[in-house]
Amino acid sequence: MSKSLQELLKSRRTYYALQAQSPISDDAVAELLKSALWNLPSPFNSQSSRFVLLLGQEHTALWQIVKDALKAKVPADAFPKTEAKIDGSFASGYATVLFFEDRTVVEGLQKSFPSYADNFPVWSQQTSGLHQFAVWLLLEEAGFGVSLQHYNPLIDDAVKKRWNLPAGWQLIAQMPFGVPAEEPGAKEHLPLEERFKVFR
Ligand SMILES: Cc1cc2nc3c(=O)[nH]c(=O)nc-3n(C[C@H](O)[C@H](O)[C@H](O)COP(=O)(O)O)c2cc1C
């Protein structure tokens with residue numbers, strides 16, 4: 001039986017240790033992503049979010065791009081640890097979703113509605129966050145372990161070039177996923193009294 005939304009919220013965690021296996025077909029994964037794109041809210045219904053699903057060797061190619069970019073940046077003696085982290089977690093997963101926001105849509109809104117011009121980039125990030133969270137939950141529900149990574153802007157140019165993506169697509173986040181290899185540890189929580197007020 002599928003989990004309730006409450007149960008899903010509780011079980012969704014960051015999973016670093018992943019196996020390159022999938023409990024569902026690639027087409028079913030693609031359908032989950034399409035359902036998020038189709039149903040999620042966006043400012044002025046602008047639908048600025050874009051996803052790229054990288055499977056198999058394309059997933060591997062992404063994490064090679066990340067490693068190449070980091071190799072050029074981190075000190076040589078620190079790189080083996082960095083590489084081991086990427087190989088042991090993100091690259092070892094089944095696939096990765098890339099989240100983009102289409103800057104041409106955001107800039108179009110700024111031109112059409114100048115009085116909101118400063119808000120549109122912020123709202124674009126917010127709708128991306130909603131999309132990321134929905135996909136995280138949908139993948140969790142399907143039996144995947146998921147994490148959220150941010151190697152942008154370091155990898156932006158190489159990613160756009162490799163997959164020939166439109167110039168206006170701004171990379172926001174990378175979401176590697178796979179069947180969990182181990183469960184995450186316990187998480188610390190700030191007291192709810194500091195974070196929630198109710199007035200009645
Ligand atoms: C907006 C946002 C950005 C995050 N960026 C990263 C990241 O770049 N790398 C990473 O390993 N985890 C990242 N995380 C995951 C958080 O570290 C993680 O959600 C948090 O520690 C709570 O753990 P949990 O996901 O297991 O509940 C991010 C989470 C959010 C919401």
# chains A, B, ... in the order shown; residues from 1 in each chain; ligands from 1

$ residues_near_ligand --ligand "ligand 1" --cutoff "6 Å" --atoms "only C-alpha atoms and all ligand atoms" --output "ChimeraX atom specification"
/A:13-14,148-150

$ write_last_selection --atoms "N, CA and C atoms" --output "mmCIF file, in the first residue's frame"
data_model
loop_
_atom_site.group_PDB
_atom_site.id
_atom_site.type_symbol
_atom_site.label_atom_id
_atom_site.label_comp_id
_atom_site.auth_asym_id
_atom_site.auth_seq_id
_atom_site.Cartn_x
_atom_site.Cartn_y
_atom_site.Cartn_z
ATOM 1 N N ARG A 13 14.307 11.604 3.226
ATOM 2 C CA ARG A 13 15.580 12.020 3.818
ATOM 3 C C ARG A 13 16.595 12.224 2.703
ATOM 4 N N THR A 14 17.757 12.706 3.074
ATOM 5 C CA THR A 14 18.889 12.775 2.149
ATOM 6 C C THR A 14 19.623 11.447 2.195
ATOM 7 N N LEU A 148 20.112 16.129 -2.844
ATOM 8 C CA LEU A 148 20.068 17.369 -3.623
ATOM 9 C C LEU A 148 21.458 17.979 -3.618
ATOM 10 N N GLN A 149 22.020 18.234 -4.787
ATOM 11 C CA GLN A 149 23.390 18.739 -4.891
ATOM 12 C C GLN A 149 23.447 20.037 -5.692
ATOM 13 N N HIS A 150 24.506 20.807 -5.441
ATOM 14 C CA HIS A 150 24.664 22.113 -6.108
ATOM 15 C C HIS A 150 26.102 22.305 -6.581
#

$ select_by_dssp --residues "chain A" --states "alpha helix (DSSP H)" --output "ChimeraX atom specification"
/A:5-11,26-39,57-71,79-88,103-112,119-141,156-162

$ residues_around --residues "A:His131" --least-positions-apart "4" --cutoff "12 Å" --atoms "only C-alpha atoms" --output "CSV table (one decimal) with C-alpha atoms, in the first residue's frame"
chain,number,residue,atom,x,y,z
A,32,LEU,CA,6.8,11.1,-12.4
A,33,LEU,CA,8.9,14.0,-13.6
A,34,LYS,CA,6.4,15.0,-16.2
A,35,SER,CA,3.6,14.9,-13.6
A,36,ALA,CA,5.5,17.3,-11.4
A,37,LEU,CA,6.1,19.7,-14.4
A,38,TRP,CA,2.5,19.4,-15.3
A,39,ASN,CA,0.9,20.0,-11.9
A,40,LEU,CA,3.2,22.3,-9.9
A,41,PRO,CA,2.3,25.9,-9.4
A,42,SER,CA,4.4,28.8,-10.8
A,47,GLN,CA,5.9,27.4,-16.0
A,48,SER,CA,9.6,28.5,-16.0
A,49,SER,CA,10.9,25.2,-14.6
A,50,ARG,CA,12.8,22.7,-16.8
A,51,PHE,CA,14.0,19.2,-16.0
A,97,VAL,CA,17.6,15.0,-12.5
A,98,LEU,CA,18.9,18.4,-13.4
A,99,PHE,CA,16.7,21.3,-12.4
A,100,PHE,CA,16.8,24.5,-14.5
A,101,GLU,CA,14.9,27.7,-14.6
A,124,SER,CA,11.5,31.6,-10.1
A,125,GLN,CA,13.8,30.1,-7.4
A,126,GLN,CA,10.8,29.4,-5.2
A,127,THR,CA,8.9,27.5,-7.9
A,135,VAL,CA,10.2,15.3,-7.4
A,136,TRP,CA,12.1,14.3,-4.2
A,137,LEU,CA,8.8,13.0,-2.7
A,138,LEU,CA,7.7,11.2,-5.9
A,172,ILE,CA,19.6,25.4,-10.3
A,173,ALA,CA,20.2,21.9,-8.7
A,175,MET,CA,19.3,15.5,-7.8

$ residues_around --residues "stretch 179-191 of chain A" --least-positions-apart "5" --cutoff "7 Å" --atoms "only C-alpha atoms" --output "ChimeraX atom specification"
/A:14-15,17-22,143-145

$ write_last_selection --atoms "C-alpha atoms" --output "short mmCIF file (atom, residue, chain, number, x, y, z; two decimals), in the first residue's frame"
data_model
loop_
_atom_site.label_atom_id
_atom_site.label_comp_id
_atom_site.auth_asym_id
_atom_site.auth_seq_id
_atom_site.Cartn_x
_atom_site.Cartn_y
_atom_site.Cartn_z
CA THR A 14 18.89 12.78 2.15
CA TYR A 15 20.38 9.48 0.95
CA ALA A 17 24.84 5.88 -0.26
CA LEU A 18 23.11 4.71 -3.45
CA GLN A 19 23.06 1.68 -5.72
CA ALA A 20 22.65 1.92 -9.50
CA GLN A 21 19.30 0.16 -9.40
CA SER A 22 15.73 1.24 -9.95
CA GLY A 143 11.40 3.51 -3.51
CA PHE A 144 14.46 5.60 -4.38
CA GLY A 145 16.94 7.29 -2.08
#

$ atom_distance --atom1 "atom CA of A:Leu130" --atom2 "atom CA of A:Ser147"
15.0 Å

$ select_by_dssp --residues "stretch 58-192 of chain A" --states "strand (DSSP E or B)" --output "number ranges by chain"
A: 95-102, 145-146, 149, 169-180

$ write_last_selection --atoms "C-alpha atoms" --output "mmCIF file, in the first residue's frame"
data_model
loop_
_atom_site.group_PDB
_atom_site.id
_atom_site.type_symbol
_atom_site.label_atom_id
_atom_site.label_comp_id
_atom_site.auth_asym_id
_atom_site.auth_seq_id
_atom_site.Cartn_x
_atom_site.Cartn_y
_atom_site.Cartn_z
ATOM 1 C CA ALA A 95 20.192 8.497 -12.463
ATOM 2 C CA THR A 96 20.193 12.260 -11.914
ATOM 3 C CA VAL A 97 17.607 14.956 -12.472
ATOM 4 C CA LEU A 98 18.909 18.397 -13.429
ATOM 5 C CA PHE A 99 16.667 21.295 -12.446
ATOM 6 C CA PHE A 100 16.778 24.459 -14.523
ATOM 7 C CA GLU A 101 14.867 27.719 -14.635
ATOM 8 C CA ASP A 102 14.312 29.310 -18.033
ATOM 9 C CA GLY A 145 16.938 7.287 -2.079
ATOM 10 C CA VAL A 146 17.539 10.861 -3.194
ATOM 11 C CA GLN A 149 23.390 18.739 -4.891
ATOM 12 C CA TRP A 169 18.264 27.513 -19.103
ATOM 13 C CA GLN A 170 19.903 28.299 -15.749
ATOM 14 C CA LEU A 171 21.071 25.272 -13.800
ATOM 15 C CA ILE A 172 19.643 25.362 -10.270
ATOM 16 C CA ALA A 173 20.249 21.923 -8.734
ATOM 17 C CA GLN A 174 21.259 18.331 -9.356
ATOM 18 C CA MET A 175 19.272 15.457 -7.802
ATOM 19 C CA PRO A 176 21.034 12.070 -7.910
ATOM 20 C CA PHE A 177 18.939 9.050 -6.927
ATOM 21 C CA GLY A 178 19.086 5.273 -6.730
ATOM 22 C CA VAL A 179 18.070 2.393 -4.517
ATOM 23 C CA PRO A 180 19.372 3.200 -1.013
#

$ residues_around --residues "A:Gly108" --least-positions-apart "5" --cutoff "10 Å" --atoms "only C-alpha atoms" --output "PyMOL selection string"
chain A and resi 46+103+113-114+117+120

$ residues_around --residues "stretch 73-82 of chain A" --least-positions-apart "6" --cutoff "12 Å" --atoms "only C-alpha atoms" --output "short mmCIF file (atom, residue, chain, number, x, y, z; two decimals) with C-alpha atoms, in the first residue's frame"
data_model
loop_
_atom_site.label_atom_id
_atom_site.label_comp_id
_atom_site.auth_asym_id
_atom_site.auth_seq_id
_atom_site.Cartn_x
_atom_site.Cartn_y
_atom_site.Cartn_z
CA TRP A 63 29.39 13.11 -12.47
CA VAL A 66 31.64 17.38 -11.80
CA LYS A 67 34.86 15.52 -11.03
CA GLY A 88 30.62 6.56 -3.50
CA SER A 89 27.41 8.55 -3.39
CA PHE A 90 26.10 10.53 -6.35
CA LEU A 154 30.99 25.37 -11.68
CA ILE A 155 29.57 22.86 -14.17
#

$ closest_residue --among "A:Phe44, A:Trp123, A:Tyr151, A:Tyr116" --to "A:Asp68" --atoms "only C-alpha atoms"
A:Tyr151

$ atom_distance --atom1 "atom CA of A:Leu55" --atom2 "atom CA of A:Asp27"
10.9 Å

$ residues_around --residues "A:Arg12" --least-positions-apart "2" --cutoff "7 Å" --atoms "only C-alpha atoms" --output "list of chain:residue names"
A:Leu8, A:Leu9, A:Lys10, A:Leu137, A:Glu140

$ atom_distance --atom1 "atom CA of A:Tyr94" --atom2 "atom CA of A:Trp163"
18.4 Å

$ closest_residue --among "A:Glu194, A:Ala158, A:Val106, A:Val122" --to "A:Asn45" --atoms "only C-alpha atoms"
A:Val106
